[in-house]
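Asker: Got model34.pdb for you, PDB, C-alpha atoms and all ligand atoms:
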```pdb
ATOM      1  CA  MET Q   1     -59.344 119.896 323.399
ATOM      2  CA  LEU Q   2     -60.072 122.972 325.546
ATOM      3  CA  ASP Q   3     -57.115 122.197 327.825
ATOM      4  CA  ARG Q   4     -54.753 122.686 324.890
ATOM      5  CA  ILE Q   5     -55.893 126.202 324.020
ATOM      6  CA  ARG Q   6     -53.781 128.952 325.598
ATOM      7  CA  ILE Q   7     -54.914 132.546 326.011
ATOM      8  CA  VAL Q   8     -51.954 134.944 325.807
ATOM      9  CA  LEU Q   9     -52.303 138.581 326.886
ATOM     10  CA  ILE Q  10     -49.470 140.921 325.921
ATOM     11  CA  GLY Q  11     -48.629 144.071 327.899
ATOM     12  CA  THR Q  12     -51.953 144.316 329.710
ATOM     13  CA  SER Q  13     -52.258 147.522 331.739
ATOM     14  CA  HIS Q  14     -55.529 147.058 333.674
ATOM     15  CA  PRO Q  15     -55.759 144.330 336.364
ATOM     16  CA  GLY Q  16     -59.537 144.296 335.862
ATOM     17  CA  ASN Q  17     -59.039 143.038 332.310
ATOM     18  CA  ILE Q  18     -56.893 140.152 333.572
ATOM     19  CA  GLY Q  19     -59.655 139.232 336.029
ATOM     20  CA  GLY Q  20     -62.306 139.635 333.326
ATOM     21  CA  THR Q  21     -60.268 137.388 331.023
ATOM     22  CA  ALA Q  22     -59.998 134.722 333.737
ATOM     23  CA  ARG Q  23     -63.765 134.794 334.215
ATOM     24  CA  ALA Q  24     -64.439 134.574 330.477
ATOM     25  CA  MET Q  25     -62.035 131.635 330.188
ATOM     26  CA  HIS Q  26     -63.400 129.708 333.172
ATOM     27  CA  ASN Q  27     -66.986 130.225 331.954
ATOM     28  CA  MET Q  28     -66.018 128.578 328.674
ATOM     29  CA  GLY Q  29     -63.836 125.834 330.170
ATOM     30  CA  LEU Q  30     -60.424 127.232 329.238
ATOM     31  CA  ALA Q  31     -57.678 127.232 331.873
ATOM     32  CA  ASP Q  32     -54.309 128.026 330.289
ATOM     33  CA  LEU Q  33     -53.488 131.736 330.713
ATOM     34  CA  ALA Q  34     -50.120 133.339 329.926
ATOM     35  CA  LEU Q  35     -49.284 136.985 330.583
ATOM     36  CA  VAL Q  36     -46.460 138.530 328.562
ATOM     37  CA  SER Q  37     -44.786 141.504 330.293
ATOM     38  CA  PRO Q  38     -47.910 142.797 332.025
ATOM     39  CA  ARG Q  39     -47.766 146.556 332.664
ATOM     40  CA  CYS Q  40     -49.686 146.284 335.938
ATOM     41  CA  GLU Q  41     -49.949 144.217 339.100
ATOM     42  CA  THR Q  42     -51.790 141.053 338.114
ATOM     43  CA  VAL Q  43     -53.362 140.073 341.442
ATOM     44  CA  THR Q  44     -55.227 143.114 342.799
ATOM     45  CA  ALA Q  45     -58.640 143.767 344.362
ATOM     46  CA  ASP Q  46     -59.798 144.744 340.879
ATOM     47  CA  SER Q  47     -58.615 141.590 339.143
ATOM     48  CA  VAL Q  48     -60.026 139.358 341.902
ATOM     49  CA  SER Q  49     -63.370 141.128 341.804
ATOM     50  CA  ARG Q  50     -63.647 141.012 337.984
ATOM     51  CA  ALA Q  51     -62.627 137.315 338.061
ATOM     52  CA  SER Q  52     -65.764 136.611 340.149
ATOM     53  CA  GLY Q  53     -64.561 133.296 341.476
ATOM     54  CA  ALA Q  54     -62.146 132.454 338.649
ATOM     55  CA  ASP Q  55     -59.186 134.087 340.401
ATOM     56  CA  HIS Q  56     -57.374 130.716 340.540
ATOM     57  CA  LEU Q  57     -56.718 131.298 336.819
ATOM     58  CA  VAL Q  58     -55.153 134.683 337.594
ATOM     59  CA  ASN Q  59     -53.026 133.185 340.373
ATOM     60  CA  GLY Q  60     -52.021 130.267 338.169
ATOM     61  CA  ALA Q  61     -51.205 132.382 335.105
ATOM     62  CA  ARG Q  62     -47.727 131.970 333.688
ATOM     63  CA  VAL Q  63     -45.976 135.342 333.575
ATOM     64  CA  VAL Q  64     -43.205 135.580 330.965
ATOM     65  CA  GLU Q  65     -41.203 138.326 329.297
ATOM     66  CA  THR Q  66     -41.633 137.556 325.614
ATOM     67  CA  LEU Q  67     -44.255 136.260 323.212
ATOM     68  CA  GLU Q  68     -41.747 133.569 322.164
ATOM     69  CA  GLN Q  69     -41.651 132.190 325.704
ATOM     70  CA  ALA Q  70     -45.443 132.169 325.902
ATOM     71  CA  VAL Q  71     -46.019 130.262 322.652
ATOM     72  CA  ALA Q  72     -42.807 128.259 322.068
ATOM     73  CA  ASP Q  73     -44.624 124.895 322.160
ATOM     74  CA  CYS Q  74     -47.638 126.002 320.109
ATOM     75  CA  THR Q  75     -48.326 124.556 316.655
ATOM     76  CA  LEU Q  76     -50.907 127.203 315.740
ATOM     77  CA  VAL Q  77     -50.610 130.820 316.883
ATOM     78  CA  VAL Q  78     -53.488 133.178 316.068
ATOM     79  CA  GLY Q  79     -53.357 136.905 316.803
ATOM     80  CA  ALA Q  80     -56.554 138.811 317.605
ATOM     81  CA  SER Q  81     -56.548 142.179 315.931
ATOM     82  CA  ALA Q  82     -59.062 144.991 315.787
ATOM     83  CA  ARG Q  83     -57.432 146.667 312.779
ATOM     84  CA  SER Q  84     -56.056 145.597 309.415
ATOM     85  CA  ARG Q  85     -52.308 146.101 308.909
ATOM     86  CA  THR Q  86     -50.023 147.303 306.165
ATOM     87  CA  LEU Q  87     -48.906 143.840 305.038
ATOM     88  CA  PRO Q  88     -52.116 141.808 304.881
ATOM     89  CA  TRP Q  89     -51.910 138.449 306.660
ATOM     90  CA  PRO Q  90     -54.202 135.392 306.389
ATOM     91  CA  MET Q  91     -57.427 136.422 308.131
ATOM     92  CA  ILE Q  92     -59.972 134.124 309.727
ATOM     93  CA  THR Q  93     -63.290 134.819 311.415
ATOM     94  CA  PRO Q  94     -63.949 133.663 314.977
ATOM     95  CA  ARG Q  95     -66.280 130.970 313.586
ATOM     96  CA  GLU Q  96     -63.634 129.710 311.150
ATOM     97  CA  LEU Q  97     -61.136 129.617 314.000
ATOM     98  CA  GLY Q  98     -63.501 127.408 315.999
ATOM     99  CA  GLY Q  99     -64.081 125.208 312.958
ATOM    100  CA  ARG Q 100     -60.359 124.549 312.608
ATOM    101  CA  LEU Q 101     -59.740 123.659 316.248
ATOM    102  CA  PRO Q 102     -60.799 119.989 316.362
ATOM    103  CA  THR Q 103     -58.428 119.129 313.489
ATOM    104  CA  GLU Q 104     -55.660 121.448 314.681
ATOM    105  CA  LEU Q 105     -55.732 119.904 318.133
ATOM    106  CA  ALA Q 106     -55.946 116.280 317.006
ATOM    107  CA  GLY Q 107     -52.201 115.532 317.243
ATOM    108  CA  ASN Q 108     -50.737 114.745 320.645
ATOM    109  CA  ASP Q 109     -48.225 117.622 320.570
ATOM    110  CA  ALA Q 110     -50.682 120.140 319.180
ATOM    111  CA  ARG Q 111     -51.270 123.363 321.090
ATOM    112  CA  VAL Q 112     -53.114 126.494 319.985
ATOM    113  CA  ALA Q 113     -52.401 130.008 321.276
ATOM    114  CA  LEU Q 114     -54.790 132.937 320.933
ATOM    115  CA  VAL Q 115     -52.823 136.149 321.368
ATOM    116  CA  PHE Q 116     -54.355 139.455 322.491
ATOM    117  CA  GLY Q 117     -52.751 142.905 322.499
ATOM    118  CA  ARG Q 118     -52.468 145.964 324.702
ATOM    119  CA  GLU Q 119     -55.549 147.988 325.619
ATOM    120  CA  ASP Q 120     -54.056 151.180 324.174
ATOM    121  CA  SER Q 121     -52.120 149.990 321.136
ATOM    122  CA  GLY Q 122     -53.042 146.376 320.365
ATOM    123  CA  LEU Q 123     -50.373 144.045 318.944
ATOM    124  CA  THR Q 124     -47.249 145.315 317.170
ATOM    125  CA  ASN Q 125     -46.563 144.362 313.559
ATOM    126  CA  ALA Q 126     -43.644 142.209 314.728
ATOM    127  CA  GLU Q 127     -45.956 140.323 317.098
ATOM    128  CA  LEU Q 128     -48.624 139.881 314.411
ATOM    129  CA  GLN Q 129     -45.992 138.585 311.980
ATOM    130  CA  ARG Q 130     -45.206 135.785 314.419
ATOM    131  CA  CYS Q 131     -48.773 134.474 314.036
ATOM    132  CA  HIS Q 132     -50.020 131.974 311.472
ATOM    133  CA  ALA Q 133     -53.230 133.924 311.036
ATOM    134  CA  HIS Q 134     -55.141 136.894 312.386
ATOM    135  CA  VAL Q 135     -58.661 136.735 313.723
ATOM    136  CA  HIS Q 136     -60.910 139.771 313.564
ATOM    137  CA  ILE Q 137     -64.184 139.899 315.443
ATOM    138  CA  PRO Q 138     -66.606 141.554 313.030
ATOM    139  CA  THR Q 139     -67.690 144.883 314.468
ATOM    140  CA  ASN Q 140     -69.021 148.283 313.554
ATOM    141  CA  PRO Q 141     -66.158 149.485 311.320
ATOM    142  CA  ASP Q 142     -66.369 152.932 312.921
ATOM    143  CA  PHE Q 143     -65.936 151.474 316.406
ATOM    144  CA  SER Q 144     -64.037 148.223 315.988
ATOM    145  CA  SER Q 145     -62.077 147.840 319.203
ATOM    146  CA  LEU Q 146     -63.648 145.641 321.883
ATOM    147  CA  ASN Q 147     -62.653 145.674 325.524
ATOM    148  CA  LEU Q 148     -59.816 143.142 325.937
ATOM    149  CA  ALA Q 149     -61.749 140.725 328.199
ATOM    150  CA  ALA Q 150     -64.790 141.036 325.912
ATOM    151  CA  ALA Q 151     -62.642 140.042 322.917
ATOM    152  CA  VAL Q 152     -61.349 137.039 324.889
ATOM    153  CA  GLN Q 153     -64.968 136.145 325.735
ATOM    154  CA  VAL Q 154     -66.035 136.076 322.082
ATOM    155  CA  LEU Q 155     -63.171 133.815 320.993
ATOM    156  CA  ALA Q 156     -63.430 131.583 324.073
ATOM    157  CA  TYR Q 157     -67.123 131.108 323.259
ATOM    158  CA  GLU Q 158     -66.248 130.024 319.709
ATOM    159  CA  CYS Q 159     -63.748 127.545 321.173
ATOM    160  CA  ARG Q 160     -66.476 126.105 323.379
ATOM    161  CA  LEU Q 161     -69.006 125.874 320.531
ATOM    162  CA  ALA Q 162     -66.432 124.033 318.434
ATOM    163  CA  TRP Q 163     -65.639 121.681 321.291
ATOM    164  CA  LEU Q 164     -69.326 120.938 321.858
ATOM    165  CA  ALA Q 165     -69.814 120.220 318.138
ATOM    166  CA  GLY Q 166     -66.455 118.658 317.340
ATOM    167  CA  GLU Q 167     -66.035 115.052 316.376
ATOM    168  CA  PRO Q 168     -62.790 113.690 317.798
ATOM    169  CA  ALA Q 169     -60.477 113.621 314.768
ATOM    170  CA  GLU Q 170     -57.954 110.897 314.069
ATOM    171  CA  PRO Q 171     -54.626 111.739 315.719
ATOM    172  CA  GLU Q 172     -51.882 112.589 313.237
ATOM    173  CA  ALA Q 173     -49.090 110.144 312.588
ATOM    174  CA  PRO Q 174     -45.981 111.223 314.513
ATOM    175  CA  ASP Q 175     -43.912 112.013 311.395
ATOM    176  CA  GLN Q 176     -46.599 114.439 310.261
ATOM    177  CA  ALA Q 177     -46.353 116.538 313.381
ATOM    178  CA  LEU Q 178     -46.432 120.233 312.590
ATOM    179  CA  ALA Q 179     -43.469 122.408 313.490
ATOM    180  CA  ASN Q 180     -44.057 124.429 316.621
ATOM    181  CA  HIS Q 181     -43.432 128.136 317.095
ATOM    182  CA  GLN Q 182     -39.932 127.715 318.478
ATOM    183  CA  GLU Q 183     -38.868 125.487 315.569
ATOM    184  CA  LEU Q 184     -40.297 127.998 313.109
ATOM    185  CA  GLU Q 185     -38.446 130.884 314.781
ATOM    186  CA  HIS Q 186     -35.159 128.942 314.648
ATOM    187  CA  TYR Q 187     -35.809 128.326 310.970
ATOM    188  CA  PHE Q 188     -36.518 132.030 310.279
ATOM    189  CA  ALA Q 189     -33.303 133.035 312.080
ATOM    190  CA  HIS Q 190     -31.344 130.449 310.055
ATOM    191  CA  LEU Q 191     -32.988 131.574 306.808
ATOM    192  CA  GLU Q 192     -32.201 135.236 307.446
ATOM    193  CA  ARG Q 193     -28.593 134.450 308.381
ATOM    194  CA  THR Q 194     -28.148 132.432 305.190
ATOM    195  CA  LEU Q 195     -29.765 135.046 302.949
ATOM    196  CA  VAL Q 196     -27.415 137.654 304.390
ATOM    197  CA  ALA Q 197     -24.415 135.343 303.926
ATOM    198  CA  ILE Q 198     -25.155 134.813 300.219
ATOM    199  CA  GLY Q 199     -25.814 138.519 299.702
ATOM    200  CA  PHE Q 200     -29.505 138.091 298.832
ATOM    201  CA  HIS Q 201     -30.757 140.024 301.857
ATOM    202  CA  ASP Q 202     -29.436 143.304 303.211
ATOM    203  CA  PRO Q 203     -30.868 144.022 306.690
ATOM    204  CA  ALA Q 204     -30.207 147.723 306.019
ATOM    205  CA  THR Q 205     -32.845 147.676 303.240
ATOM    206  CA  PRO Q 206     -35.201 144.929 304.382
ATOM    207  CA  ARG Q 207     -38.130 145.761 302.016
ATOM    208  CA  GLN Q 208     -40.397 143.463 304.047
ATOM    209  CA  LEU Q 209     -38.468 140.464 302.670
ATOM    210  CA  MET Q 210     -38.419 138.521 305.940
ATOM    211  CA  ALA Q 211     -42.031 139.455 306.677
ATOM    212  CA  ARG Q 212     -43.101 138.128 303.263
ATOM    213  CA  LEU Q 213     -41.101 134.921 303.707
ATOM    214  CA  ARG Q 214     -42.645 134.511 307.157
ATOM    215  CA  ARG Q 215     -46.143 134.951 305.766
ATOM    216  CA  PHE Q 216     -45.449 132.440 302.982
ATOM    217  CA  THR Q 217     -43.963 129.852 305.345
ATOM    218  CA  LEU Q 218     -46.607 130.235 308.043
ATOM    219  CA  ARG Q 219     -49.341 129.914 305.414
ATOM    220  CA  ALA Q 220     -47.855 126.576 304.333
ATOM    221  CA  ARG Q 221     -48.008 125.124 307.882
ATOM    222  CA  PRO Q 222     -44.783 123.112 307.459
ATOM    223  CA  GLU Q 223     -44.333 119.803 309.209
ATOM    224  CA  ARG Q 224     -41.308 119.355 311.491
ATOM    225  CA  MET Q 225     -39.794 116.982 308.927
ATOM    226  CA  GLU Q 226     -40.191 119.535 306.104
ATOM    227  CA  LEU Q 227     -38.585 122.266 308.192
ATOM    228  CA  ASN Q 228     -35.653 119.942 308.890
ATOM    229  CA  ILE Q 229     -35.166 119.472 305.146
ATOM    230  CA  LEU Q 230     -35.203 123.248 304.599
ATOM    231  CA  ARG Q 231     -32.708 123.747 307.420
ATOM    232  CA  GLY Q 232     -30.461 121.102 305.870
ATOM    233  CA  ILE Q 233     -30.547 123.043 302.596
ATOM    234  CA  LEU Q 234     -29.690 126.244 304.460
ATOM    235  CA  SER Q 235     -26.761 124.584 306.243
ATOM    236  CA  ASP Q 236     -25.315 123.357 302.943
ATOM    237  CA  THR Q 237     -25.903 126.786 301.382
ATOM    238  CA  GLU Q 238     -24.043 128.408 304.263
ATOM    239  CA  LYS Q 239     -21.107 126.090 303.669
ATOM    240  CA  LEU Q 240     -20.923 127.237 300.025
ATOM    241  CA  ALA Q 241     -21.321 130.932 300.853
ATOM    242  CA  PRO Q 242     -18.142 132.981 300.480
ATOM    243  CA  ARG Q 243     -16.598 133.395 303.918
ATOM    244  CA  ARG Q 244     -15.826 136.914 305.074
ATOM    245  CA  ASP Q 245     -13.307 137.330 307.889
ATOM    246  CA  ASP Q 246     -15.378 139.945 309.691
ATOM    247  CA  GLU Q 247     -18.385 137.683 309.773
ATOM    248  CA  ASP Q 248     -19.456 135.373 312.508
ATOM    249  CA  ARG Q 249     -21.903 132.699 311.505
ATOM    250  CA  PRO Q 250     -22.560 130.479 314.502
ATOM    251  CA  GLY Q 251     -24.610 127.342 313.829
ATOM    252  CA  GLN Q 252     -28.044 127.024 315.417
TER     253      GLN Q 252
HETATM  254  N1  LIG Q 301     -56.698 150.189 320.567
HETATM  255  C1  LIG Q 301     -56.161 148.955 320.126
HETATM  256  C2  LIG Q 301     -57.092 147.819 320.417
HETATM  257  C3  LIG Q 301     -56.944 147.370 321.787
HETATM  258  S1  LIG Q 301     -58.175 146.272 322.309
HETATM  259  C4  LIG Q 301     -55.904 148.989 318.652
HETATM  260  O1  LIG Q 301     -56.348 149.871 317.996
HETATM  261  O2  LIG Q 301     -55.273 148.066 318.143
HETATM  262  C5  LIG Q 301     -57.151 145.038 323.068
HETATM  263  C6  LIG Q 301     -57.044 143.742 322.302
HETATM  264  O3  LIG Q 301     -58.316 143.123 322.209
HETATM  265  C7  LIG Q 301     -56.557 143.880 320.879
HETATM  266  O4  LIG Q 301     -55.160 143.975 320.791
HETATM  267  C8  LIG Q 301     -57.075 142.578 320.283
HETATM  268  O5  LIG Q 301     -56.208 141.503 320.616
HETATM  269  C9  LIG Q 301     -58.408 142.406 321.001
HETATM  270  N2  LIG Q 301     -59.520 142.959 320.187
HETATM  271  C10 LIG Q 301     -60.237 144.077 320.417
HETATM  272  N3  LIG Q 301     -61.159 144.253 319.452
HETATM  273  C11 LIG Q 301     -61.025 143.226 318.588
HETATM  274  C12 LIG Q 301     -61.684 142.833 317.371
HETATM  275  N4  LIG Q 301     -62.677 143.542 316.840
HETATM  276  N5  LIG Q 301     -61.265 141.692 316.775
HETATM  277  C13 LIG Q 301     -60.254 140.954 317.279
HETATM  278  N6  LIG Q 301     -59.601 141.288 318.413
HETATM  279  C14 LIG Q 301     -59.978 142.400 319.058
END
```
Translate the structure described by the file into structure tokens.

Answerer:
Amino acid sequence: MLDRIRIVLIGTSHPGNIGGTARAMHNMGLADLALVSPRCETVTADSVSRASGADHLVNGARVVETLEQAVADCTLVVGASARSRTLPWPMITPRELGGRLPTELAGNDARVALVFGREDSGLTNAELQRCHAHVHIPTNPDFSSLNLAAAVQVLAYECRLAWLAGEPAEPEAPDQALANHQELEHYFAHLERTLVAIGFHDPATPRQLMARLRRFTLRARPERMELNILRGILSDTEKLAPRRDDEDRPGQ
């Protein structure tokens, strides 16, 4: 189970935090680290020293440019956030996150990503809206922001507790496999394109429409099969939509 949990750090600016994250992960038995557009050198004296012997995780980290690339194959994406946001999203506690892991990771294709933000500004709203749920580590409300590697430590510990306690769940039948992040993003792009084509959605006055539809869809945890049905409906809707000459609607 632990080998299918990925820690994703976005826009990290201190090498020491990457080393500290590697140490926290290795202590708890996690090994899959992805760095999205780091804003610093990743292998430095600081990161090696803070890794304290777990620097193989720093050296082996996958460095990518976008969150999408880091979590494309993940069936559950959870964003760690120190603050609440304007459009509330499903929130879980670290303990609830751990409790969900054995079931979430039962299927063969299942992968979970825990996403952490920048030291100075956290995760953007767009990044948080790509997550199924947000996890908040309960803190002093007047001083809620943990050091990045410390936040990773708390969640990695909950993963380990859950693994130690977890009964191996029955694997899911293949046709009940959940859609992964990439499939969901293709669906959202298709949905938005179709809503524009039928005149329901005007990107000039978005009114959080796509964010609300994202939240609704991610809350439902659609299976791959269900998403295929929805995409079939969208394709047929697109065919019925009035064609405008100035419009280009490539298929996905
Ligand atoms: N100053 C930033 C917080 C940066 S801390 C802000 O106000 O948003 C760096 C990262 O550690 C955060 O993006 C988040 O992923 C994680 N983190 C810090 N404190 C946390 C908390 N209390 N709960 C969940 N994640 C937290």

Asker: As a check of understanding, name the residues that the PyMOL selection byres (((chain Q and resi 201-213) around 12) and not hetatm) selects in the supplied structure, as an NGL selection string.

Answerer: :Q and (86-90 or 125-132 or 184-185 or 187-200 or 214-220)

Asker: As an exercise, work out the distance from CA of Leu97 in chain Q to CA of Ala133 in chain Q in Å and give it to one decimal place.

Answerer: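 The value is 9.5 Å.
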
Asker: Using all atoms listed in the file, which residues of the polymer chains come no farther than 9 Å from ligand LIG 301 (chain Q)? I'd like the answer as a PDB file with C-alpha atoms, in the frame of the given file.

Answerer:
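Output below, filename out15.pdb:
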```
ATOM      1  CA  LEU Q   9     -52.303 138.581 326.886  1.00  0.00           C
ATOM      2  CA  ILE Q  10     -49.470 140.921 325.921  1.00  0.00           C
ATOM      3  CA  THR Q  12     -51.953 144.316 329.710  1.00  0.00           C
ATOM      4  CA  GLY Q  79     -53.357 136.905 316.803  1.00  0.00           C
ATOM      5  CA  ALA Q  80     -56.554 138.811 317.605  1.00  0.00           C
ATOM      6  CA  SER Q  81     -56.548 142.179 315.931  1.00  0.00           C
ATOM      7  CA  ALA Q  82     -59.062 144.991 315.787  1.00  0.00           C
ATOM      8  CA  ARG Q  83     -57.432 146.667 312.779  1.00  0.00           C
ATOM      9  CA  THR Q  93     -63.290 134.819 311.415  1.00  0.00           C
ATOM     10  CA  PRO Q  94     -63.949 133.663 314.977  1.00  0.00           C
ATOM     11  CA  LEU Q 114     -54.790 132.937 320.933  1.00  0.00           C
ATOM     12  CA  VAL Q 115     -52.823 136.149 321.368  1.00  0.00           C
ATOM     13  CA  PHE Q 116     -54.355 139.455 322.491  1.00  0.00           C
ATOM     14  CA  GLY Q 117     -52.751 142.905 322.499  1.00  0.00           C
ATOM     15  CA  ARG Q 118     -52.468 145.964 324.702  1.00  0.00           C
ATOM     16  CA  GLU Q 119     -55.549 147.988 325.619  1.00  0.00           C
ATOM     17  CA  ASP Q 120     -54.056 151.180 324.174  1.00  0.00           C
ATOM     18  CA  SER Q 121     -52.120 149.990 321.136  1.00  0.00           C
ATOM     19  CA  GLY Q 122     -53.042 146.376 320.365  1.00  0.00           C
ATOM     20  CA  LEU Q 123     -50.373 144.045 318.944  1.00  0.00           C
ATOM     21  CA  THR Q 124     -47.249 145.315 317.170  1.00  0.00           C
ATOM     22  CA  HIS Q 134     -55.141 136.894 312.386  1.00  0.00           C
ATOM     23  CA  VAL Q 135     -58.661 136.735 313.723  1.00  0.00           C
ATOM     24  CA  HIS Q 136     -60.910 139.771 313.564  1.00  0.00           C
ATOM     25  CA  ILE Q 137     -64.184 139.899 315.443  1.00  0.00           C
ATOM     26  CA  PRO Q 138     -66.606 141.554 313.030  1.00  0.00           C
ATOM     27  CA  THR Q 139     -67.690 144.883 314.468  1.00  0.00           C
ATOM     28  CA  ASN Q 140     -69.021 148.283 313.554  1.00  0.00           C
ATOM     29  CA  PRO Q 141     -66.158 149.485 311.320  1.00  0.00           C
ATOM     30  CA  PHE Q 143     -65.936 151.474 316.406  1.00  0.00           C
ATOM     31  CA  SER Q 144     -64.037 148.223 315.988  1.00  0.00           C
ATOM     32  CA  SER Q 145     -62.077 147.840 319.203  1.00  0.00           C
ATOM     33  CA  LEU Q 146     -63.648 145.641 321.883  1.00  0.00           C
ATOM     34  CA  ASN Q 147     -62.653 145.674 325.524  1.00  0.00           C
ATOM     35  CA  LEU Q 148     -59.816 143.142 325.937  1.00  0.00           C
ATOM     36  CA  ALA Q 149     -61.749 140.725 328.199  1.00  0.00           C
ATOM     37  CA  ALA Q 150     -64.790 141.036 325.912  1.00  0.00           C
ATOM     38  CA  ALA Q 151     -62.642 140.042 322.917  1.00  0.00           C
ATOM     39  CA  VAL Q 152     -61.349 137.039 324.889  1.00  0.00           C
ATOM     40  CA  VAL Q 154     -66.035 136.076 322.082  1.00  0.00           C
ATOM     41  CA  LEU Q 155     -63.171 133.815 320.993  1.00  0.00           C
TER      42      LEU Q 155
END
```

Asker: Given the file shown, determine the residues that the PyMOL selection byres (((chain Q and resi 55) around 12) and not hetatm) selects; report them as a VMD selection string.

Answerer: chain Q and resid 15 to 16 18 to 26 31 33 42 to 54 56 to 61

Asker: Identify all residues satisfying the PyMOL selection byres (((chain Q and resi 101) around 10) and not hetatm) in the given file; provide them as number ranges by chain.

Answerer: Q: 1-2, 5, 76, 96-100, 102-106, 111-112, 158-159, 162-163, 166

Asker: For range 46-61 of chain Q, supply N, CA, C and O atoms and report the output as an mmCIF file, in the frame of the given file.

Answerer:
```cif
data_model
loop_
_atom_site.group_PDB
_atom_site.id
_atom_site.type_symbol
_atom_site.label_atom_id
_atom_site.label_comp_id
_atom_site.auth_asym_id
_atom_site.auth_seq_id
_atom_site.Cartn_x
_atom_site.Cartn_y
_atom_site.Cartn_z
ATOM 1 N N ASP Q 46 -59.065 144.607 342.133
ATOM 2 C CA ASP Q 46 -59.798 144.744 340.879
ATOM 3 C C ASP Q 46 -59.818 143.443 340.070
ATOM 4 O O ASP Q 46 -60.865 143.038 339.539
ATOM 5 N N SER Q 47 -58.649 142.806 339.966
ATOM 6 C CA SER Q 47 -58.615 141.590 339.143
ATOM 7 C C SER Q 47 -59.394 140.476 339.838
ATOM 8 O O SER Q 47 -60.114 139.711 339.192
ATOM 9 N N VAL Q 48 -59.291 140.411 341.185
ATOM 10 C CA VAL Q 48 -60.026 139.358 341.902
ATOM 11 C C VAL Q 48 -61.527 139.598 341.780
ATOM 12 O O VAL Q 48 -62.307 138.671 341.523
ATOM 13 N N SER Q 49 -61.931 140.872 341.878
ATOM 14 C CA SER Q 49 -63.370 141.128 341.804
ATOM 15 C C SER Q 49 -63.905 140.861 340.399
ATOM 16 O O SER Q 49 -64.950 140.233 340.218
ATOM 17 N N ARG Q 50 -63.176 141.273 339.353
ATOM 18 C CA ARG Q 50 -63.647 141.012 337.984
ATOM 19 C C ARG Q 50 -63.604 139.513 337.647
ATOM 20 O O ARG Q 50 -64.339 139.025 336.804
ATOM 21 N N ALA Q 51 -62.706 138.757 338.341
ATOM 22 C CA ALA Q 51 -62.627 137.315 338.061
ATOM 23 C C ALA Q 51 -63.848 136.591 338.627
ATOM 24 O O ALA Q 51 -64.189 135.494 338.169
ATOM 25 N N SER Q 52 -64.509 137.170 339.600
ATOM 26 C CA SER Q 52 -65.764 136.611 340.149
ATOM 27 C C SER Q 52 -65.693 135.128 340.460
ATOM 28 O O SER Q 52 -66.577 134.376 340.043
ATOM 29 N N GLY Q 53 -64.633 134.711 341.119
ATOM 30 C CA GLY Q 53 -64.561 133.296 341.476
ATOM 31 C C GLY Q 53 -63.635 132.505 340.567
ATOM 32 O O GLY Q 53 -63.394 131.323 340.810
ATOM 33 N N ALA Q 54 -63.115 133.156 339.516
ATOM 34 C CA ALA Q 54 -62.146 132.454 338.649
ATOM 35 C C ALA Q 54 -60.731 132.959 338.939
ATOM 36 O O ALA Q 54 -59.848 132.860 338.090
ATOM 37 N N ASP Q 55 -60.513 133.496 340.141
ATOM 38 C CA ASP Q 55 -59.186 134.087 340.401
ATOM 39 C C ASP Q 55 -58.081 133.030 340.467
ATOM 40 O O ASP Q 55 -56.911 133.369 340.381
ATOM 41 N N HIS Q 56 -58.439 131.743 340.602
ATOM 42 C CA HIS Q 56 -57.374 130.716 340.540
ATOM 43 C C HIS Q 56 -56.663 130.767 339.180
ATOM 44 O O HIS Q 56 -55.487 130.455 339.089
ATOM 45 N N LEU Q 57 -57.384 131.184 338.136
ATOM 46 C CA LEU Q 57 -56.718 131.298 336.819
ATOM 47 C C LEU Q 57 -55.734 132.461 336.806
ATOM 48 O O LEU Q 57 -54.682 132.384 336.169
ATOM 49 N N VAL Q 58 -56.082 133.546 337.513
ATOM 50 C CA VAL Q 58 -55.153 134.683 337.594
ATOM 51 C C VAL Q 58 -53.917 134.261 338.390
ATOM 52 O O VAL Q 58 -52.778 134.477 337.972
ATOM 53 N N ASN Q 59 -54.159 133.611 339.537
ATOM 54 C CA ASN Q 59 -53.026 133.185 340.373
ATOM 55 C C ASN Q 59 -52.148 132.162 339.655
ATOM 56 O O ASN Q 59 -50.937 132.141 339.842
ATOM 57 N N GLY Q 60 -52.780 131.326 338.836
ATOM 58 C CA GLY Q 60 -52.021 130.267 338.169
ATOM 59 C C GLY Q 60 -51.444 130.696 336.831
ATOM 60 O O GLY Q 60 -50.794 129.899 336.151
ATOM 61 N N ALA Q 61 -51.677 131.957 336.432
ATOM 62 C CA ALA Q 61 -51.205 132.382 335.105
ATOM 63 C C ALA Q 61 -49.681 132.352 335.047
ATOM 64 O O ALA Q 61 -49.009 132.675 336.017
#
```
